[in-house]
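**Student:** Structure supplied as final-v9.csv; contents: CSV, C-alpha atoms.
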```
chain,number,residue,atom,x,y,z
A,15,MET,CA,-43.9,-23.1,9.5
A,16,THR,CA,-42.4,-19.9,10.6
A,17,THR,CA,-40.5,-17.9,8.0
A,18,TYR,CA,-37.0,-16.8,8.8
A,19,VAL,CA,-38.1,-13.2,8.9
A,20,GLU,CA,-40.8,-14.0,11.5
A,21,LEU,CA,-38.3,-16.0,13.6
A,22,LEU,CA,-35.8,-13.1,13.5
A,23,HIS,CA,-38.5,-10.6,14.5
A,24,ARG,CA,-39.6,-12.8,17.4
A,25,ALA,CA,-36.0,-13.2,18.6
A,26,ALA,CA,-35.4,-9.4,18.3
A,27,ASN,CA,-38.6,-8.6,20.1
A,28,TYR,CA,-37.6,-10.9,23.0
A,29,THR,CA,-34.3,-9.2,23.3
A,30,LEU,CA,-35.9,-5.7,23.0
A,31,SER,CA,-38.0,-6.7,26.0
A,32,ALA,CA,-34.9,-8.0,27.8
A,33,ILE,CA,-33.2,-4.6,27.3
A,34,ASP,CA,-36.1,-3.0,29.2
A,35,THR,CA,-34.9,-4.9,32.3
A,36,VAL,CA,-31.5,-3.1,32.2
A,37,THR,CA,-30.9,-0.1,34.4
A,38,PRO,CA,-27.6,1.9,34.5
A,39,ASP,CA,-26.8,0.5,38.0
A,40,ARG,CA,-26.8,-3.0,36.5
A,41,LEU,CA,-24.3,-2.5,33.7
A,42,SER,CA,-21.4,-3.7,35.7
A,43,ARG,CA,-23.1,-7.0,36.7
A,44,PRO,CA,-21.6,-10.3,35.6
A,45,THR,CA,-23.3,-12.3,32.8
A,46,PRO,CA,-23.5,-16.0,31.8
A,47,CYS,CA,-20.6,-15.0,29.4
A,48,LYS,CA,-18.2,-14.9,32.4
A,49,GLN,CA,-15.6,-12.7,30.8
A,50,TRP,CA,-18.1,-9.9,30.2
A,51,ASN,CA,-20.1,-7.7,32.3
A,52,LEU,CA,-23.6,-6.5,31.1
A,53,HIS,CA,-22.2,-3.4,29.5
A,54,MET,CA,-19.7,-5.4,27.5
A,55,LEU,CA,-22.4,-8.0,26.5
A,56,LEU,CA,-24.7,-5.3,25.2
A,57,SER,CA,-21.9,-3.8,23.1
A,58,HIS,CA,-21.1,-7.3,21.7
A,59,ILE,CA,-24.7,-7.9,20.8
A,60,GLY,CA,-24.9,-4.5,19.1
A,61,GLU,CA,-21.8,-5.4,17.0
A,62,SER,CA,-23.3,-8.8,16.1
A,63,VAL,CA,-26.6,-7.2,15.0
A,64,ALA,CA,-24.7,-4.6,12.9
A,65,ALA,CA,-22.7,-7.4,11.3
A,66,PHE,CA,-25.8,-9.4,10.4
A,67,GLU,CA,-27.4,-6.2,8.9
A,68,GLU,CA,-24.2,-5.5,6.9
A,69,SER,CA,-24.3,-9.1,5.5
A,70,ARG,CA,-27.9,-8.4,4.2
A,71,VAL,CA,-26.9,-5.1,2.7
A,72,CYS,CA,-23.5,-6.0,1.3
A,73,GLY,CA,-24.1,-9.7,0.4
A,74,HIS,CA,-21.1,-11.0,2.4
A,75,VAL,CA,-19.9,-11.5,6.0
A,76,ALA,CA,-16.7,-9.7,6.7
A,77,LEU,CA,-14.0,-12.0,8.2
A,78,PHE,CA,-12.8,-9.1,10.3
A,79,ALA,CA,-15.4,-6.8,12.0
A,80,ALA,CA,-15.3,-3.2,11.0
A,81,GLN,CA,-14.3,-0.8,13.7
A,82,ARG,CA,-17.5,0.9,15.0
A,83,THR,CA,-17.9,3.7,17.5
A,84,THR,CA,-18.5,2.4,21.0
A,85,ALA,CA,-21.8,3.8,22.3
A,86,THR,CA,-21.8,5.4,25.7
A,87,ASP,CA,-25.4,4.0,26.2
A,88,PRO,CA,-25.3,0.5,24.9
A,89,THR,CA,-29.0,0.0,25.6
A,90,ASP,CA,-30.2,2.8,23.3
A,91,SER,CA,-27.7,1.7,20.6
A,92,LEU,CA,-28.8,-1.9,20.7
A,93,ARG,CA,-32.5,-0.9,20.6
A,94,ASP,CA,-31.8,1.2,17.5
A,95,ARG,CA,-29.8,-1.6,15.8
A,96,LEU,CA,-32.4,-4.3,16.5
A,97,THR,CA,-35.2,-2.0,15.1
A,98,ARG,CA,-33.2,-1.3,11.9
A,99,LEU,CA,-32.4,-5.0,11.5
A,100,MET,CA,-36.1,-5.9,11.7
A,101,ASP,CA,-37.0,-3.2,9.2
A,102,GLY,CA,-34.3,-4.2,6.8
A,103,TRP,CA,-34.8,-7.9,6.8
A,104,SER,CA,-38.6,-7.5,6.4
A,105,ALA,CA,-37.9,-6.5,2.8
A,106,ALA,CA,-35.1,-9.0,2.1
A,107,SER,CA,-35.5,-11.5,-0.8
A,108,ASP,CA,-35.9,-15.2,0.1
A,109,ASP,CA,-33.6,-16.3,-2.8
A,110,ARG,CA,-30.5,-14.3,-1.9
A,111,TYR,CA,-27.2,-15.9,-0.9
A,112,ILE,CA,-24.6,-14.4,1.4
A,113,ALA,CA,-20.8,-15.1,0.9
A,114,VAL,CA,-19.2,-16.4,4.1
A,115,ALA,CA,-15.5,-17.1,3.5
A,116,ASP,CA,-15.5,-19.7,0.6
A,117,HIS,CA,-19.2,-20.6,1.0
A,118,ARG,CA,-22.4,-19.1,-0.2
A,119,LEU,CA,-25.2,-19.5,2.3
A,120,PRO,CA,-28.9,-18.8,1.9
A,121,LEU,CA,-30.1,-15.6,3.5
A,122,SER,CA,-32.5,-17.8,5.5
A,123,THR,CA,-29.5,-19.6,7.1
A,124,ILE,CA,-27.9,-16.2,8.1
A,125,ALA,CA,-31.3,-15.0,9.5
A,126,ALA,CA,-31.7,-18.2,11.5
A,127,THR,CA,-28.2,-17.8,12.9
A,128,ALA,CA,-28.9,-14.2,13.8
A,129,ALA,CA,-32.2,-15.2,15.5
A,130,LEU,CA,-30.3,-17.8,17.6
A,131,GLU,CA,-27.6,-15.4,18.7
A,132,ILE,CA,-29.9,-12.5,19.4
A,133,ALA,CA,-32.3,-14.6,21.5
A,134,VAL,CA,-29.7,-16.4,23.5
A,135,HIS,CA,-28.0,-13.2,24.3
A,136,GLY,CA,-31.4,-11.7,25.2
A,137,TRP,CA,-31.6,-14.5,27.8
A,138,ASP,CA,-28.1,-13.6,29.0
A,139,ILE,CA,-29.3,-10.0,29.5
A,140,VAL,CA,-32.2,-11.0,31.7
A,141,GLN,CA,-30.0,-13.3,33.7
A,142,ALA,CA,-27.5,-10.5,34.3
A,143,SER,CA,-30.2,-8.0,35.2
A,144,GLY,CA,-31.8,-10.4,37.7
A,145,ARG,CA,-35.2,-10.6,36.1
A,146,GLY,CA,-36.6,-14.0,35.2
A,147,GLN,CA,-37.8,-13.7,31.6
A,148,PRO,CA,-37.3,-17.0,29.8
A,149,ILE,CA,-37.2,-17.3,26.0
A,150,PRO,CA,-40.9,-18.0,25.0
A,151,ALA,CA,-41.4,-21.7,24.6
A,152,ASP,CA,-42.5,-21.7,21.0
A,153,LEU,CA,-39.6,-19.5,20.0
A,154,ALA,CA,-37.2,-21.7,22.0
A,155,ALA,CA,-38.5,-24.9,20.4
A,156,GLU,CA,-37.9,-23.5,16.9
A,157,LEU,CA,-34.4,-22.2,17.9
A,158,LEU,CA,-33.5,-25.6,19.5
A,159,ARG,CA,-34.4,-27.4,16.3
A,160,ILE,CA,-32.4,-24.9,14.2
A,161,SER,CA,-29.4,-25.0,16.6
A,162,THR,CA,-29.0,-28.8,16.4
A,163,GLN,CA,-28.6,-28.2,12.6
A,164,LEU,CA,-26.3,-25.2,12.8
A,165,ILE,CA,-24.1,-26.3,15.6
A,166,THR,CA,-22.0,-29.5,15.0
A,167,ASP,CA,-19.1,-31.2,16.7
A,168,ASP,CA,-16.9,-29.6,14.1
A,169,ASN,CA,-17.9,-26.0,14.8
A,170,ARG,CA,-19.2,-25.9,18.3
A,171,HIS,CA,-15.8,-25.1,19.9
A,172,ARG,CA,-15.7,-21.9,17.9
A,173,LEU,CA,-19.2,-20.9,18.8
A,174,PHE,CA,-20.4,-22.3,22.1
A,175,ALA,CA,-19.4,-24.2,25.2
A,176,PRO,CA,-20.2,-27.9,25.5
A,177,PRO,CA,-23.8,-28.7,26.4
A,178,VAL,CA,-24.6,-28.9,30.0
A,179,HIS,CA,-27.1,-31.2,31.8
A,180,THR,CA,-30.3,-29.6,33.1
A,181,SER,CA,-33.2,-31.0,35.1
A,182,VAL,CA,-35.2,-27.9,34.3
A,183,PRO,CA,-38.1,-28.9,31.9
A,184,GLY,CA,-39.1,-27.2,28.7
A,185,PRO,CA,-37.6,-26.1,25.4
A,186,GLY,CA,-36.2,-22.9,26.7
A,187,ALA,CA,-34.1,-24.7,29.3
A,188,GLU,CA,-33.1,-27.4,26.7
A,189,LEU,CA,-32.0,-24.7,24.3
A,190,ILE,CA,-30.0,-22.8,26.9
A,191,ALA,CA,-28.3,-26.0,28.1
A,192,PHE,CA,-27.5,-27.1,24.6
A,193,LEU,CA,-25.7,-23.8,24.1
A,194,GLY,CA,-23.5,-24.4,27.2
A,195,ARG,CA,-25.4,-22.2,29.7
A,196,ARG,CA,-27.0,-23.3,33.0
A,197,PRO,CA,-30.8,-22.7,32.9
A,198,ASP,CA,-31.1,-23.7,36.6
A,199,GLY,CA,-29.2,-20.7,37.8
A,200,GLY,CA,-26.1,-22.7,38.8
A,201,SER,CA,-22.6,-21.5,38.4
A,202,LEU,CA,-21.8,-19.7,35.2
A,203,HIS,CA,-19.8,-21.5,32.6
A,204,PRO,CA,-16.5,-19.8,31.9
A,205,THR,CA,-16.8,-20.2,28.1
A,206,GLY,CA,-20.6,-20.1,27.6
A,207,LYS,CA,-20.5,-17.3,25.1
A,208,VAL,CA,-20.6,-16.9,21.3
A,209,GLN,CA,-17.0,-16.0,20.4
A,210,ARG,CA,-16.0,-14.0,17.3
```
Could you express the structure from this file as C-alpha cells?
**Tutor:**
Amino acid sequence: MTTYVELLHRAANYTLSAIDTVTPDRLSRPTPCKQWNLHMLLSHIGESVAAFEESRVCGHVALFAAQRTTATDPTDSLRDRLTRLMDGWSAASDDRYIAVADHRLPLSTIAATAALEIAVHGWDIVQASGRGQPIPADLAAELLRISTQLITDDNRHRLFAPPVHTSVPGPGAELIAFLGRRPDGGSLHPTGKVQR
C-alpha cells in the first residue's frame, strides 16, 4: 500500500514533468478549466500547493486564502512550490490532524486531497500545452480509488463538475471522466475545475 507521502510525491513529480511541456507562447492557451488560460491555471495550482503546505505547517486550512504575490513566471514559481511541498511533507508526522472549519482531518486525508488536485491539474496542463502525457496508470488507479471516497454527492458541486461518460479505456481516463473532464479530447466542460 502506497503511503500518503509517496502518493503526494508521485502526483507532484507528474505535474513537475507536465510543467516541462509549457513554453511562454502557450501560456494564453485555453485549458480544460474553461474559464482559465494556462497562465491562470498555473497560478491557481501554485496557490493550492501553497495552501496545502501552509496546512501542514500551521495545522489548519484557512477558510480564506492569504493574498500572495502573483509570480510573473508561474512555471518557475510552481516548480519551487512543488519542490518545497515534497520536502516538507516527507518529514510530516503520520498521526497529525489538520483543522478544516469545524472538523479535524488526518494529515493523510489532506495529503490525499493534495495529490488528487495536483495530479488532475497536471493533466490539465498537458492538455493545454498540446502534449499527450497521461497520468501514469498506477497513480491514476490509486487516485481514482481515493476520489470515490473523497468526492460525494454532497460535496461534488463545490469541487468538480458531474462525471462524464468516456469510451477511453484505463484508470487515467476513468479518473479524468469521474472528475468531470473529457479524456477523449472532446469539448471542454465549462465547469470542469476545482473551485475555491
**Student:** Please determine, counting only C-alpha atoms, which residue among A:Asp198, A:Asp39, A:Glu188, A:Glu67 has the shortest atom-to-atom distance to Val134 (chain A).
**Tutor:**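 Using only C-alpha atoms, the shortest distance to Val134 (chain A) belongs to A:Glu188.
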**Student:** Measuring between all atoms listed in the file, which one of A:Ser181, A:Asn169, A:Ser104, A:Thr97 shows the shortest distance to Ala26 (chain A)?
**Tutor:**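 Under the stated criterion, the closest residue is A:Thr97.
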**Student:** State, in Å with one decimal place, the distance from CA of Pro176 (chain A) to CA of Gly194 (chain A).
**Tutor:**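 Result for CA of Pro176 (chain A) versus CA of Gly194 (chain A): 5.1 Å, one decimal.
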**Student:** Between CA of Gln147 (chain A) and CA of Gly184 (chain A), what distance in Å does the model show, to one decimal?
**Tutor:** 13.9 Å
**Student:** Determine the nearest neighbour of Asp116 (chain A) from the options A:His74, A:Glu131, A:Ala187, A:Pro88, counting only C-alpha atoms.
**Tutor:**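 Of A:His74, A:Glu131, A:Ala187, A:Pro88, the one nearest Asp116 (chain A) is A:His74, counting only C-alpha atoms.
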**Student:** Just to confirm, what's the straight-line distance from CA of Leu55 (chain A) to CA of Gly136 (chain A) in Å (one decimal)?
**Tutor:**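 Pair CA of Leu55 (chain A) / CA of Gly136 (chain A) returns 9.8 Å.
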**Student:** Nearest residue to Glu156 (chain A) out of A:Trp103, A:Val63, A:Thr127, A:Thr37, using only C-alpha atoms?
**Tutor:**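 Residue with the minimum atom-to-atom distance to Glu156 (chain A): A:Thr127.
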**Student:** Between A:Pro197, A:Ile149, A:Ile139, A:Ala126, which one has atoms that come closest to Ile165 (chain A), using only C-alpha atoms?
**Tutor:**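 Using only C-alpha atoms, the shortest distance to Ile165 (chain A) belongs to A:Ala126.
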**Student:** Which residues are near Ala32 (chain A)? Cut-off 10 Å, only C-alpha atoms, ignore same chain within fewer than 4 positions. Put them as a list of chain:residue names.
**Tutor:**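 Within the cut-off, the hits are A:Ala26, A:Asn27, A:Tyr28, A:Val36, A:Ala133, A:His135, A:Gly136, A:Trp137, A:Asp138, A:Ile139, A:Val140, A:Gln141, A:Ser143, A:Arg145, A:Gly146, A:Gln147, A:Pro148, A:Ile149.
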**Student:** Please write as a list in words the list of polymer residues whose atoms come within 9 Å of (-29.1, -2.6, 18.2), counting all atoms listed in the file and keeping to the coordinates of the file.
**Tutor:**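 Residues close enough to count: Leu30, Leu56, Ser57, Ile59, Gly60, Glu61, Ser62, Val63, Ala64, Pro88, Thr89, Asp90, Ser91, Leu92, Arg93, Asp94, Arg95, Leu96, Thr97, Arg98 and Leu99 of chain A.
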**Student:** Using only C-alpha atoms, list the residues that have an atom at most 6 Å from (-20.6, -12.8, 4.4), coordinates as in the file, as a list in words.
**Tutor:**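 Residues with an atom close enough to that point: Ser69, His74, Val75, Ala76, Ile112, Ala113 and Val114 of chain A.
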**Student:** Identify, on the basis of all atoms listed in the file, every residue whose closest approach to Leu164 (chain A) does not exceed 10 Å; exclude the query and any residue fewer than 3 positions from it along the same chain; express the result as a list of chain:residue names.
**Tutor:** A:Thr123, A:Ala126, A:Thr127, A:Leu130, A:Leu158, A:Arg159, A:Ile160, A:Ser161, A:Asn169, A:Arg170
**Student:** Could you complete region 90-113 of chain A so that it carries N, CA and C atoms, and give it back as an mmCIF file, in the coordinates of the input?
**Tutor:**
```cif
data_model
loop_
_atom_site.group_PDB
_atom_site.id
_atom_site.type_symbol
_atom_site.label_atom_id
_atom_site.label_comp_id
_atom_site.auth_asym_id
_atom_site.auth_seq_id
_atom_site.Cartn_x
_atom_site.Cartn_y
_atom_site.Cartn_z
ATOM 1 N N ASP A 90 -29.563 2.012 24.342
ATOM 2 C CA ASP A 90 -30.200 2.800 23.300
ATOM 3 C C ASP A 90 -29.631 2.362 21.905
ATOM 4 N N SER A 91 -28.329 2.142 21.856
ATOM 5 C CA SER A 91 -27.700 1.700 20.600
ATOM 6 C C SER A 91 -28.228 0.386 20.133
ATOM 7 N N LEU A 92 -28.356 -0.571 21.060
ATOM 8 C CA LEU A 92 -28.800 -1.900 20.700
ATOM 9 C C LEU A 92 -30.310 -1.841 20.276
ATOM 10 N N ARG A 93 -31.127 -1.063 20.967
ATOM 11 C CA ARG A 93 -32.500 -0.900 20.600
ATOM 12 C C ARG A 93 -32.605 -0.403 19.114
ATOM 13 N N ASP A 94 -31.798 0.607 18.801
ATOM 14 C CA ASP A 94 -31.800 1.200 17.500
ATOM 15 C C ASP A 94 -31.359 0.148 16.420
ATOM 16 N N ARG A 95 -30.315 -0.599 16.711
ATOM 17 C CA ARG A 95 -29.800 -1.600 15.800
ATOM 18 C C ARG A 95 -30.796 -2.724 15.532
ATOM 19 N N LEU A 96 -31.444 -3.179 16.606
ATOM 20 C CA LEU A 96 -32.400 -4.300 16.500
ATOM 21 C C LEU A 96 -33.630 -3.786 15.642
ATOM 22 N N THR A 97 -34.048 -2.558 15.861
ATOM 23 C CA THR A 97 -35.200 -2.000 15.100
ATOM 24 C C THR A 97 -34.823 -1.905 13.615
ATOM 25 N N ARG A 98 -33.612 -1.414 13.326
ATOM 26 C CA ARG A 98 -33.200 -1.300 11.900
ATOM 27 C C ARG A 98 -33.028 -2.685 11.286
ATOM 28 N N LEU A 99 -32.540 -3.659 12.059
ATOM 29 C CA LEU A 99 -32.400 -5.000 11.500
ATOM 30 C C LEU A 99 -33.769 -5.571 11.138
ATOM 31 N N MET A 100 -34.760 -5.426 11.999
ATOM 32 C CA MET A 100 -36.100 -5.900 11.700
ATOM 33 C C MET A 100 -36.678 -5.255 10.457
ATOM 34 N N ASP A 101 -36.519 -3.942 10.378
ATOM 35 C CA ASP A 101 -37.000 -3.200 9.200
ATOM 36 C C ASP A 101 -36.365 -3.670 7.926
ATOM 37 N N GLY A 102 -35.040 -3.801 7.967
ATOM 38 C CA GLY A 102 -34.300 -4.200 6.800
ATOM 39 C C GLY A 102 -34.579 -5.581 6.297
ATOM 40 N N TRP A 103 -34.625 -6.522 7.235
ATOM 41 C CA TRP A 103 -34.800 -7.900 6.800
ATOM 42 C C TRP A 103 -36.247 -8.204 6.429
ATOM 43 N N SER A 104 -37.184 -7.355 6.812
ATOM 44 C CA SER A 104 -38.600 -7.500 6.400
ATOM 45 C C SER A 104 -38.701 -7.444 4.870
ATOM 46 N N ALA A 105 -37.822 -6.663 4.259
ATOM 47 C CA ALA A 105 -37.900 -6.500 2.800
ATOM 48 C C ALA A 105 -36.870 -7.330 2.053
ATOM 49 N N ALA A 106 -36.172 -8.228 2.771
ATOM 50 C CA ALA A 106 -35.100 -9.000 2.100
ATOM 51 C C ALA A 106 -35.750 -10.111 1.230
ATOM 52 N N SER A 107 -35.032 -10.451 0.173
ATOM 53 C CA SER A 107 -35.500 -11.500 -0.800
ATOM 54 C C SER A 107 -35.114 -12.861 -0.298
ATOM 55 N N ASP A 108 -36.067 -13.791 -0.391
ATOM 56 C CA ASP A 108 -35.900 -15.200 0.100
ATOM 57 C C ASP A 108 -34.751 -15.899 -0.693
ATOM 58 N N ASP A 109 -34.533 -15.522 -1.937
ATOM 59 C CA ASP A 109 -33.600 -16.300 -2.800
ATOM 60 C C ASP A 109 -32.203 -15.769 -2.817
ATOM 61 N N ARG A 110 -31.872 -14.844 -1.945
ATOM 62 C CA ARG A 110 -30.500 -14.300 -1.900
ATOM 63 C C ARG A 110 -29.558 -15.223 -1.210
ATOM 64 N N TYR A 111 -28.284 -15.096 -1.567
ATOM 65 C CA TYR A 111 -27.200 -15.900 -0.900
ATOM 66 C C TYR A 111 -26.196 -14.861 -0.359
ATOM 67 N N ILE A 112 -25.558 -15.250 0.731
ATOM 68 C CA ILE A 112 -24.600 -14.400 1.400
ATOM 69 C C ILE A 112 -23.225 -15.158 1.350
ATOM 70 N N ALA A 113 -22.175 -14.465 0.955
ATOM 71 C CA ALA A 113 -20.800 -15.100 0.900
ATOM 72 C C ALA A 113 -20.245 -15.054 2.319
#
```
